[in-house]
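The file protein33.csv contains CSV, C-alpha atoms and all ligand atoms:
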chain,number,residue,atom,x,y,z
M,1,MET,CA,-33.6,8.0,-17.0
M,2,SER,CA,-33.1,5.8,-14.0
M,3,VAL,CA,-33.2,2.0,-14.3
M,4,VAL,CA,-34.9,1.7,-10.9
M,5,SER,CA,-37.2,3.9,-8.9
M,6,ARG,CA,-37.2,2.9,-5.3
M,7,VAL,CA,-33.6,3.1,-4.1
M,8,LEU,CA,-32.1,3.0,-0.6
M,9,ILE,CA,-28.7,4.6,-0.3
M,10,VAL,CA,-26.6,3.5,2.7
M,11,ASP,CA,-23.6,5.8,3.4
M,12,ALA,CA,-21.6,4.4,6.3
M,13,GLY,CA,-19.1,6.9,7.6
M,14,ASN,CA,-16.9,6.3,10.6
M,15,THR,CA,-19.2,8.2,13.0
M,16,SER,CA,-22.7,7.6,11.6
M,17,ILE,CA,-24.6,5.9,8.9
M,18,LYS,CA,-26.9,7.9,6.6
M,19,PHE,CA,-29.9,6.2,5.0
M,20,THR,CA,-31.5,8.0,2.1
M,21,ALA,CA,-34.6,6.7,0.4
M,22,PHE,CA,-35.4,7.7,-3.2
M,23,GLU,CA,-38.6,7.4,-5.2
M,24,GLY,CA,-37.6,8.1,-8.7
M,25,GLU,CA,-35.4,11.3,-8.6
M,26,GLN,CA,-37.1,12.5,-5.4
M,27,VAL,CA,-35.6,12.0,-1.9
M,28,LEU,CA,-38.4,10.7,0.3
M,29,TRP,CA,-36.5,10.7,3.6
M,30,VAL,CA,-33.0,10.7,5.2
M,31,GLU,CA,-32.2,8.9,8.5
M,32,ARG,CA,-29.0,9.1,10.4
M,33,GLY,CA,-28.2,6.4,12.9
M,34,ASP,CA,-26.5,3.1,13.5
M,35,GLY,CA,-29.2,0.7,12.4
M,36,CYS,CA,-31.4,0.4,9.4
M,37,PRO,CA,-34.7,2.2,9.6
M,38,THR,CA,-37.4,-0.4,9.5
M,39,GLU,CA,-40.7,1.3,10.4
M,40,SER,CA,-40.8,3.4,7.3
M,41,GLY,CA,-42.7,0.9,5.2
M,42,PHE,CA,-40.3,1.7,2.3
M,43,VAL,CA,-39.1,-1.4,0.4
M,44,PRO,CA,-36.3,-0.6,-2.0
M,45,GLU,CA,-35.9,-2.4,-5.4
M,46,VAL,CA,-32.2,-1.9,-4.9
M,47,ILE,CA,-29.8,-0.8,-2.1
M,48,TYR,CA,-26.6,1.1,-3.0
M,49,PHE,CA,-24.1,0.6,-0.3
M,50,ALA,CA,-21.1,2.9,0.3
M,51,SER,CA,-18.9,2.3,3.4
M,52,VAL,CA,-15.6,3.6,4.6
M,53,ARG,CA,-15.7,1.2,7.5
M,54,SER,CA,-13.6,-1.9,7.8
M,55,LYS,CA,-14.3,-4.9,5.6
M,56,GLU,CA,-15.6,-6.8,8.7
M,57,GLN,CA,-17.8,-4.0,9.9
M,58,SER,CA,-19.1,-3.4,6.3
M,59,ALA,CA,-19.9,-7.1,5.9
M,60,LEU,CA,-21.9,-7.1,9.2
M,61,LEU,CA,-23.8,-4.0,8.1
M,62,HIS,CA,-24.5,-5.6,4.7
M,63,ALA,CA,-25.9,-8.7,6.4
M,64,ASP,CA,-28.1,-6.7,8.8
M,65,ILE,CA,-29.5,-4.4,6.1
M,66,GLN,CA,-30.0,-7.3,3.6
M,67,ALA,CA,-31.9,-9.2,6.4
M,68,GLU,CA,-34.3,-6.2,6.6
M,69,PHE,CA,-34.8,-6.2,2.9
M,70,PRO,CA,-34.3,-9.8,1.6
M,71,GLN,CA,-36.1,-9.0,-1.7
M,72,SER,CA,-33.9,-6.0,-2.5
M,73,ASP,CA,-31.0,-6.2,-4.9
M,74,TRP,CA,-27.7,-5.0,-3.6
M,75,VAL,CA,-24.9,-2.9,-5.1
M,76,THR,CA,-21.7,-2.2,-3.2
M,77,LEU,CA,-20.2,1.0,-4.5
M,78,THR,CA,-16.4,1.3,-4.7
M,79,SER,CA,-14.1,4.0,-6.0
M,80,GLN,CA,-13.0,3.6,-9.6
M,81,ALA,CA,-10.6,5.3,-12.0
M,82,PHE,CA,-13.6,6.8,-13.9
M,83,ALA,CA,-17.4,7.0,-13.4
M,84,CYS,CA,-20.3,9.3,-14.4
M,85,GLY,CA,-17.9,11.5,-16.5
M,86,VAL,CA,-15.4,12.0,-13.6
M,87,SER,CA,-11.8,10.8,-13.5
M,88,ASN,CA,-10.1,9.9,-10.2
M,89,ALA,CA,-6.8,11.6,-9.3
M,90,TYR,CA,-5.5,8.7,-7.3
M,91,VAL,CA,-2.8,6.6,-8.8
M,92,GLU,CA,-4.6,3.7,-6.9
M,93,PRO,CA,-8.2,4.9,-7.5
M,94,GLU,CA,-9.7,2.2,-5.3
M,95,ARG,CA,-7.9,3.7,-2.3
M,96,LEU,CA,-9.9,7.0,-2.5
M,97,GLY,CA,-12.5,7.0,0.2
M,98,ILE,CA,-15.9,6.1,-1.4
M,99,ASP,CA,-17.5,9.0,0.4
M,100,ARG,CA,-15.0,11.4,-1.3
M,101,TRP,CA,-15.5,9.7,-4.7
M,102,LEU,CA,-19.3,10.0,-4.5
M,103,GLY,CA,-19.1,13.6,-3.2
M,104,VAL,CA,-16.8,14.6,-6.1
M,105,ILE,CA,-19.1,13.0,-8.7
M,106,ALA,CA,-22.2,14.6,-7.2
M,107,ALA,CA,-20.6,18.1,-7.0
M,108,HIS,CA,-19.4,17.9,-10.6
M,109,HIS,CA,-22.9,17.1,-11.8
M,110,LEU,CA,-24.5,19.7,-9.5
M,111,VAL,CA,-22.3,22.7,-10.4
M,112,LYS,CA,-20.8,21.7,-13.8
M,113,SER,CA,-17.9,24.1,-13.2
M,114,ASP,CA,-14.6,24.1,-11.3
M,115,VAL,CA,-15.5,23.1,-7.8
M,116,VAL,CA,-14.1,22.6,-4.3
M,117,VAL,CA,-15.9,19.9,-2.3
M,118,VAL,CA,-15.7,20.0,1.5
M,119,ASP,CA,-17.0,17.1,3.6
M,120,ALA,CA,-16.9,17.9,7.3
M,121,GLY,CA,-17.4,14.5,9.1
M,122,THR,CA,-15.3,12.3,11.3
M,123,ALA,CA,-12.5,13.6,9.1
M,124,ILE,CA,-12.6,16.7,7.1
M,125,LYS,CA,-12.0,16.1,3.4
M,126,VAL,CA,-11.4,18.7,0.7
M,127,ASP,CA,-11.4,17.6,-2.9
M,128,VAL,CA,-10.8,19.7,-6.1
M,129,VAL,CA,-12.5,18.9,-9.4
M,130,ASN,CA,-12.2,21.0,-12.6
M,131,LYS,CA,-15.1,21.8,-14.9
M,132,GLU,CA,-14.2,18.9,-17.2
M,133,GLY,CA,-14.8,16.5,-14.4
M,134,VAL,CA,-11.1,15.8,-13.6
M,135,HIS,CA,-10.6,15.1,-9.9
M,136,LEU,CA,-7.3,16.9,-9.2
M,137,GLY,CA,-6.8,15.5,-5.7
M,138,GLY,CA,-7.5,16.6,-2.2
M,139,TYR,CA,-6.8,16.7,1.5
M,140,ILE,CA,-7.8,14.8,4.6
M,141,ALA,CA,-7.6,16.5,8.0
M,142,ALA,CA,-8.9,15.6,11.5
M,143,GLY,CA,-12.5,16.4,12.1
M,144,LEU,CA,-13.7,18.8,14.8
M,145,ALA,CA,-14.6,16.0,17.3
M,146,MET,CA,-11.4,14.1,16.5
M,147,MET,CA,-9.2,17.1,17.3
M,148,GLU,CA,-11.0,17.6,20.6
M,149,ASP,CA,-10.7,13.9,21.4
M,150,ALA,CA,-7.0,13.9,20.6
M,151,LEU,CA,-6.4,16.8,23.1
M,152,LEU,CA,-8.6,15.2,25.8
M,153,SER,CA,-6.9,11.8,25.4
M,154,LYS,CA,-3.3,13.0,25.1
M,155,THR,CA,-3.2,15.6,27.9
M,156,ALA,CA,-3.6,15.5,31.7
M,157,ARG,CA,-5.2,18.8,32.3
M,158,ILE,CA,-7.5,19.4,29.3
M,159,ARG,CA,-10.7,18.5,31.0
M,160,TYR,CA,-14.1,20.2,31.0
M,161,GLY,CA,-17.8,19.3,31.2
M,162,THR,CA,-20.1,19.5,28.2
M,163,ASP,CA,-21.9,22.3,30.0
M,164,GLU,CA,-18.8,24.4,29.7
M,165,VAL,CA,-18.8,24.2,25.9
M,166,VAL,CA,-20.5,27.5,25.2
M,167,THR,CA,-20.2,30.1,22.5
M,168,GLY,CA,-18.6,33.3,23.6
M,169,GLN,CA,-17.4,36.6,22.3
M,170,GLY,CA,-13.7,37.5,21.7
M,171,LEU,CA,-10.8,35.2,22.5
M,172,PRO,CA,-11.6,32.0,24.4
M,173,ASN,CA,-11.3,32.5,28.2
M,174,SER,CA,-11.9,28.9,29.3
M,175,THR,CA,-10.4,25.5,28.5
M,176,ALA,CA,-13.5,24.3,26.8
M,177,ARG,CA,-13.7,27.3,24.5
M,178,ALA,CA,-10.0,27.3,23.9
M,179,VAL,CA,-10.2,23.7,22.6
M,180,VAL,CA,-13.4,23.8,20.7
M,181,GLU,CA,-12.7,27.2,19.1
M,182,GLY,CA,-9.1,26.3,18.5
M,183,GLY,CA,-10.1,23.3,16.4
M,184,ARG,CA,-12.6,25.4,14.5
M,185,GLU,CA,-9.9,28.1,13.8
M,186,MET,CA,-7.6,25.3,12.5
M,187,VAL,CA,-10.1,24.1,10.0
M,188,LEU,CA,-11.2,27.6,9.0
M,189,GLY,CA,-7.5,28.5,8.4
M,190,PHE,CA,-7.1,25.3,6.3
M,191,LEU,CA,-10.2,26.2,4.2
M,192,GLU,CA,-9.3,29.8,3.8
M,193,ARG,CA,-5.8,28.8,2.4
M,194,ILE,CA,-7.6,26.6,-0.1
M,195,TYR,CA,-10.0,29.4,-1.0
M,196,HIS,CA,-7.1,31.7,-1.8
M,197,ARG,CA,-5.6,29.1,-4.0
M,198,TYR,CA,-8.8,28.4,-5.9
M,199,PRO,CA,-10.6,31.8,-5.8
M,200,GLU,CA,-12.7,31.2,-8.9
M,201,PHE,CA,-13.9,27.7,-7.9
M,202,LYS,CA,-17.5,27.1,-6.7
M,203,TRP,CA,-17.7,25.5,-3.2
M,204,VAL,CA,-20.0,22.6,-2.3
M,205,VAL,CA,-20.1,21.6,1.4
M,206,THR,CA,-21.5,18.6,3.1
M,207,GLY,CA,-21.0,16.5,6.3
M,208,GLY,CA,-22.4,16.6,9.8
M,209,ASP,CA,-20.2,19.5,10.9
M,210,ALA,CA,-20.7,21.5,7.7
M,211,GLN,CA,-23.2,24.0,9.2
M,212,GLU,CA,-21.0,24.7,12.2
M,213,LEU,CA,-18.1,25.6,9.9
M,214,LEU,CA,-20.1,27.5,7.3
M,215,ASP,CA,-21.4,30.1,9.7
M,216,SER,CA,-17.8,31.3,10.2
M,217,LEU,CA,-16.5,30.8,6.7
M,218,GLY,CA,-16.9,34.0,4.6
M,219,VAL,CA,-17.1,32.1,1.3
M,220,SER,CA,-20.2,31.9,-0.9
M,221,LEU,CA,-21.0,28.2,-1.1
M,222,GLU,CA,-23.6,25.6,-1.6
M,223,CYS,CA,-24.5,23.5,1.3
M,224,GLN,CA,-25.6,20.0,0.2
M,225,PRO,CA,-26.3,17.7,3.1
M,226,ASN,CA,-27.2,14.8,0.7
M,227,LEU,CA,-24.2,15.2,-1.5
M,228,VAL,CA,-22.8,11.7,-1.0
M,229,ALA,CA,-26.2,10.1,-1.5
M,230,LEU,CA,-26.7,12.0,-4.7
M,231,GLY,CA,-23.3,10.7,-5.9
M,232,ALA,CA,-24.3,7.2,-4.9
M,233,ARG,CA,-27.5,7.4,-6.9
M,234,LEU,CA,-25.6,8.5,-10.0
M,235,VAL,CA,-22.9,5.8,-9.7
M,236,GLY,CA,-25.2,3.0,-8.7
M,237,ASP,CA,-27.6,3.8,-11.6
M,238,GLU,CA,-24.7,3.9,-14.1
M,239,GLN,CA,-23.4,0.5,-12.7
M,240,LEU,CA,-26.9,-1.0,-13.1
M,241,ARG,CA,-27.3,0.3,-16.6
M,242,GLY,CA,-23.9,-1.2,-17.4
M,243,ASN,CA,-25.1,-4.6,-16.1
M,244,LYS,CA,-28.3,-4.6,-18.2
U,301,LIG,N1,-27.4,13.5,14.7
U,301,LIG,C1,-26.0,13.4,14.6
U,301,LIG,N2,-25.4,12.3,15.0
U,301,LIG,C2,-24.0,12.3,14.9
U,301,LIG,N3,-23.2,13.3,14.6
U,301,LIG,C3,-23.8,14.4,14.2
U,301,LIG,C4,-25.2,14.6,14.2
U,301,LIG,N4,-25.6,15.8,13.8
U,301,LIG,C5,-24.4,16.4,13.5
U,301,LIG,N5,-23.4,15.6,13.8
U,301,LIG,C6,-22.0,16.0,13.7
U,301,LIG,O1,-21.5,15.4,12.5
U,301,LIG,C7,-20.3,14.7,12.7
U,301,LIG,C8,-20.3,13.5,11.9
U,301,LIG,O2,-20.6,13.9,10.6
U,301,LIG,P1,-20.8,12.8,9.5
U,301,LIG,O3,-20.8,13.5,8.2
U,301,LIG,O4,-22.0,12.0,9.8
U,301,LIG,O5,-19.6,11.8,9.7
U,301,LIG,P2,-19.1,10.5,9.0
U,301,LIG,O6,-19.7,10.6,7.6
U,301,LIG,O7,-17.7,10.6,9.1
U,301,LIG,O8,-19.7,9.4,9.8
U,301,LIG,C9,-20.1,14.5,14.2
U,301,LIG,O9,-18.8,14.7,14.6
U,301,LIG,C10,-21.1,15.5,14.8
U,301,LIG,O10,-20.3,16.7,15.2
U,302,LIG,C1,-11.0,10.0,5.0
U,302,LIG,C2,-12.1,9.1,5.4
U,302,LIG,C3,-11.7,8.2,6.6
U,302,LIG,C4,-13.3,10.0,5.8
U,302,LIG,O1,-14.4,9.2,6.3
U,302,LIG,P1,-15.5,9.8,7.2
U,302,LIG,O2,-15.0,11.1,7.8
U,302,LIG,O3,-16.7,10.0,6.3
U,302,LIG,O4,-15.8,8.8,8.3
U,302,LIG,C5,-12.5,8.2,4.2
U,302,LIG,O5,-12.7,9.0,3.1
U,302,LIG,C6,-11.5,7.1,3.9
U,302,LIG,O6,-11.4,6.1,4.6
U,302,LIG,N1,-10.6,7.4,2.9
U,302,LIG,C7,-9.6,6.5,2.5
U,302,LIG,C8,-8.2,7.2,2.4
U,302,LIG,C9,-8.2,8.3,1.3
U,302,LIG,O7,-9.3,8.8,0.9
U,302,LIG,O8,-7.1,8.6,0.8
U,303,K,K,-18.7,10.6,5.3

This structure in structure tokens:
Amino acid sequence: MSVVSRVLIVDAGNTSIKFTAFEGEQVLWVERGDGCPTESGFVPEVIYFASVRSKEQSALLHADIQAEFPQSDWVTLTSQAFACGVSNAYVEPERLGIDRWLGVIAAHHLVKSDVVVVDAGTAIKVDVVNKEGVHLGGYIAAGLAMMEDALLSKTARIRYGTDEVVTGQGLPNSTARAVVEGGREMVLGFLERIYHRYPEFKWVVTGGDAQELLDSLGVSLECQPNLVALGARLVGDEQLRGNK
């Protein structure tokens, strides 16, 4: 049973901020953007805030959002050694990205079995959790846009217009396709290696680039766009219950 009903989850990633509004257990709406949605008329009882941005950026975001909802309580979520029945693999648990921590917790509660969690965002994170809720650890790799940006910024002749970024058949035959599809192949190879190492695990995938990758990944998996928000709800509610 939740301690509160109207909850706003703020998930600040390095590329975009996801705002998720809950009424009870139901997700009312999800907004992705840089600023707090104000015209929704939704006034949360509490805001659960999860940010992987710098302390300074997170503090500015906190002030902006709290100014929009001065009556709302505020809970900043941080990675812990243990929460919601899940243990953190990190020797220094607070250093695990809060997005990863929340995704791991949500995936465990969703599938309740051995699970691989993939979050394809600014960076691509893969975390492995066993059915007992033990986070075994995971990887961080450059995201699709980051790989492309690295090639564009570190080379003289990798240049192309956005109109050249097209899907094609067979091996890439243009600079744009070579770069974009090369990055995708890198990630797919990474994920397929993990699939062969954990063949019996269920897969839960989230993040803004998830769909682009899933279309090419021959693995049966569950796409959960709201995974981090679901984890934030679980952790925030547990924290509130603990404070009652
Ligand atoms: N509306 C959108 N705005 C920004 N990025 C988007 C959007 N839709 C899909 N994407 C893709 O999602 C990626 C960002 O994913 P996201 O999970 O939001 O990242 P993060 O959590 O690291 O901020 C971008 O690199 C982009 O390719
Ligand atoms: C790896 C990340 C930058 C991913 O953030 P995102 O792609 O969501 O912007 C974030 O999880 C983070 O800051 N992690 C801290 C380092 C770690 O998890 O080991
Ligand atoms: K994220």

Surrounding residues of region 70-73 of chain M excluding itself and chain neighbours under 3 positions, 12 Å, all atoms listed in the file, as a list of chain:residue names: M:Val4, M:Arg6, M:Val7, M:Leu8, M:Ile9, M:Phe42, M:Val43, M:Pro44, M:Glu45, M:Val46, M:Ile47, M:Tyr48, M:Phe49, M:His62, M:Ala63, M:Asp64, M:Ile65, M:Gln66, M:Ala67, M:Thr76, M:Gly236, M:Leu240

From M:Glu25, M:Glu39, M:Asp119, M:Glu31, residue lying nearest ligand LIG 302 (chain U) [all atoms listed in the file]: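 Checking each of M:Glu25, M:Glu39, M:Asp119, M:Glu31 against ligand LIG 302 (chain U), counting all atoms listed in the file, the winner is M:Asp119.
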
Residues within 10 Å of Leu61 (chain M), all atoms listed in the file, excluding chain neighbours under 4 positions, as a PyMOL selection string: chain M and resi 10+12+17+34-36+49+51+53+55-57+65-67

Selected residue of minimal separation from ligand K 303 (chain U) among M:Leu102, M:Ala150, M:Leu144, M:Leu234, counting all atoms listed in the file: M:Leu102

M:Glu23, M:Glu185, M:Glu200, M:Glu212 ranked by distance to ligand LIG 301 (chain U), top pick (using all atoms listed in the file):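 Checking each candidate against ligand LIG 301 (chain U), we get M:Glu212 as the closest.
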
Gly121 (chain M) environment, 10 Å, all atoms listed in the file, sequence neighbours closer than 6 positions dropped, as a list of chain:residue names: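 The contact residues come out as M:Gly13, M:Asn14, M:Thr15, M:Ser16, M:Ala142, M:Gly143, M:Leu144, M:Ala145, M:Met146, M:Thr206, M:Gly207, M:Gly208, M:Asp209, M:Ala210.
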
Proximity to ligand LIG 302 (chain U) - best of M:Cys223, M:Val129, M:Val3, M:Val52, only C-alpha atoms and all ligand atoms: M:Val52

Which residue of M:Val219, M:Thr38, M:Glu181, M:Ala123 approaches ligand LIG 301 (chain U) most closely, using all atoms listed in the file: M:Ala123

Computed interatomic separation between CA of Ala120 (chain M) and CA of Glu238 (chain M) (Å):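 The value is 26.7 Å.
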
Two-atom distance - CA of Val134 (chain M), CA of Tyr90 (chain M) (Å): 11.0 Å

Spatial neighbours of Asp149 (chain M), max dist 12 Å, all atoms listed in the file, sep filter under 6 positions, as a short mmCIF file (atom, residue, chain, number, x, y, z; two decimals) with C-alpha atoms, in the frame of the given file:
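In the end it all went to result-v3.cif:
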data_model
loop_
_atom_site.label_atom_id
_atom_site.label_comp_id
_atom_site.auth_asym_id
_atom_site.auth_seq_id
_atom_site.Cartn_x
_atom_site.Cartn_y
_atom_site.Cartn_z
CA THR M 122 -15.30 12.30 11.30
CA ALA M 142 -8.90 15.60 11.50
CA GLY M 143 -12.50 16.40 12.10
CA THR M 155 -3.20 15.60 27.90
CA ILE M 158 -7.50 19.40 29.30
CA ARG M 159 -10.70 18.50 31.00
CA TYR M 160 -14.10 20.20 31.00
CA VAL M 179 -10.20 23.70 22.60
CA VAL M 180 -13.40 23.80 20.70
CA GLY M 183 -10.10 23.30 16.40
#

Taking the structure in the block just given, could you write region 37-99 of chain M with C-alpha atoms, as a PDB file, in the first residue's frame?
ATOM      1  CA  PRO M  37       5.694  20.527 -17.102  1.00  0.00           C
ATOM      2  CA  THR M  38       3.463  23.181 -15.552  1.00  0.00           C
ATOM      3  CA  GLU M  39       0.265  23.228 -17.583  1.00  0.00           C
ATOM      4  CA  SER M  40      -0.856  19.741 -16.521  1.00  0.00           C
ATOM      5  CA  GLY M  41      -2.777  20.948 -13.459  1.00  0.00           C
ATOM      6  CA  PHE M  42      -1.241  18.032 -11.574  1.00  0.00           C
ATOM      7  CA  VAL M  43      -0.091  18.958  -8.043  1.00  0.00           C
ATOM      8  CA  PRO M  44       1.946  16.171  -6.444  1.00  0.00           C
ATOM      9  CA  GLU M  45       1.873  15.433  -2.700  1.00  0.00           C
ATOM     10  CA  VAL M  46       5.531  14.437  -3.046  1.00  0.00           C
ATOM     11  CA  ILE M  47       8.278  14.659  -5.663  1.00  0.00           C
ATOM     12  CA  TYR M  48      10.826  11.812  -5.911  1.00  0.00           C
ATOM     13  CA  PHE M  49      13.979  13.218  -7.516  1.00  0.00           C
ATOM     14  CA  ALA M  50      16.657  11.036  -9.159  1.00  0.00           C
ATOM     15  CA  SER M  51      19.512  12.808 -10.925  1.00  0.00           C
ATOM     16  CA  VAL M  52      22.782  11.637 -12.463  1.00  0.00           C
ATOM     17  CA  ARG M  53      23.683  15.249 -13.238  1.00  0.00           C
ATOM     18  CA  SER M  54      26.284  17.259 -11.275  1.00  0.00           C
ATOM     19  CA  LYS M  55      25.484  18.435  -7.744  1.00  0.00           C
ATOM     20  CA  GLU M  56      25.247  22.014  -9.041  1.00  0.00           C
ATOM     21  CA  GLN M  57      22.912  21.141 -11.951  1.00  0.00           C
ATOM     22  CA  SER M  58      20.808  18.925  -9.676  1.00  0.00           C
ATOM     23  CA  ALA M  59      20.486  21.737  -7.109  1.00  0.00           C
ATOM     24  CA  LEU M  60      19.320  24.182  -9.800  1.00  0.00           C
ATOM     25  CA  LEU M  61      16.802  21.639 -11.071  1.00  0.00           C
ATOM     26  CA  HIS M  62      15.609  21.023  -7.511  1.00  0.00           C
ATOM     27  CA  ALA M  63      15.045  24.754  -6.986  1.00  0.00           C
ATOM     28  CA  ASP M  64      13.205  25.174 -10.314  1.00  0.00           C
ATOM     29  CA  ILE M  65      10.871  22.236  -9.728  1.00  0.00           C
ATOM     30  CA  GLN M  66      10.238  23.040  -6.050  1.00  0.00           C
ATOM     31  CA  ALA M  67       9.321  26.606  -7.119  1.00  0.00           C
ATOM     32  CA  GLU M  68       6.642  25.127  -9.409  1.00  0.00           C
ATOM     33  CA  PHE M  69       5.286  22.976  -6.556  1.00  0.00           C
ATOM     34  CA  PRO M  70       6.019  24.849  -3.292  1.00  0.00           C
ATOM     35  CA  GLN M  71       3.476  22.725  -1.352  1.00  0.00           C
ATOM     36  CA  SER M  72       4.933  19.388  -2.436  1.00  0.00           C
ATOM     37  CA  ASP M  73       7.241  17.346  -0.225  1.00  0.00           C
ATOM     38  CA  TRP M  74      10.612  16.454  -1.739  1.00  0.00           C
ATOM     39  CA  VAL M  75      12.610  13.225  -1.581  1.00  0.00           C
ATOM     40  CA  THR M  76      15.987  13.033  -3.314  1.00  0.00           C
ATOM     41  CA  LEU M  77      16.752   9.392  -4.143  1.00  0.00           C
ATOM     42  CA  THR M  78      20.318   8.094  -3.875  1.00  0.00           C
ATOM     43  CA  SER M  79      21.872   4.677  -4.443  1.00  0.00           C
ATOM     44  CA  GLN M  80      22.124   2.601  -1.282  1.00  0.00           C
ATOM     45  CA  ALA M  81      23.614  -0.761  -0.264  1.00  0.00           C
ATOM     46  CA  PHE M  82      20.116  -2.238   0.027  1.00  0.00           C
ATOM     47  CA  ALA M  83      16.568  -1.152  -0.848  1.00  0.00           C
ATOM     48  CA  CYS M  84      13.247  -2.794  -1.734  1.00  0.00           C
ATOM     49  CA  GLY M  85      14.717  -6.287  -1.333  1.00  0.00           C
ATOM     50  CA  VAL M  86      17.666  -5.644  -3.661  1.00  0.00           C
ATOM     51  CA  SER M  87      21.356  -5.546  -2.663  1.00  0.00           C
ATOM     52  CA  ASN M  88      23.842  -3.310  -4.523  1.00  0.00           C
ATOM     53  CA  ALA M  89      26.962  -4.957  -6.014  1.00  0.00           C
ATOM     54  CA  TYR M  90      29.107  -1.860  -5.651  1.00  0.00           C
ATOM     55  CA  VAL M  91      31.697  -1.786  -2.899  1.00  0.00           C
ATOM     56  CA  GLU M  92      30.821   1.927  -2.702  1.00  0.00           C
ATOM     57  CA  PRO M  93      27.050   1.617  -3.292  1.00  0.00           C
ATOM     58  CA  GLU M  94      26.459   5.392  -3.446  1.00  0.00           C
ATOM     59  CA  ARG M  95      28.628   5.541  -6.579  1.00  0.00           C
ATOM     60  CA  LEU M  96      26.258   3.388  -8.624  1.00  0.00           C
ATOM     61  CA  GLY M  97      24.266   5.694 -10.914  1.00  0.00           C
ATOM     62  CA  ILE M  98      20.823   6.279  -9.381  1.00  0.00           C
ATOM     63  CA  ASP M  99      19.209   5.500 -12.761  1.00  0.00           C
TER      64      ASP M  99
END
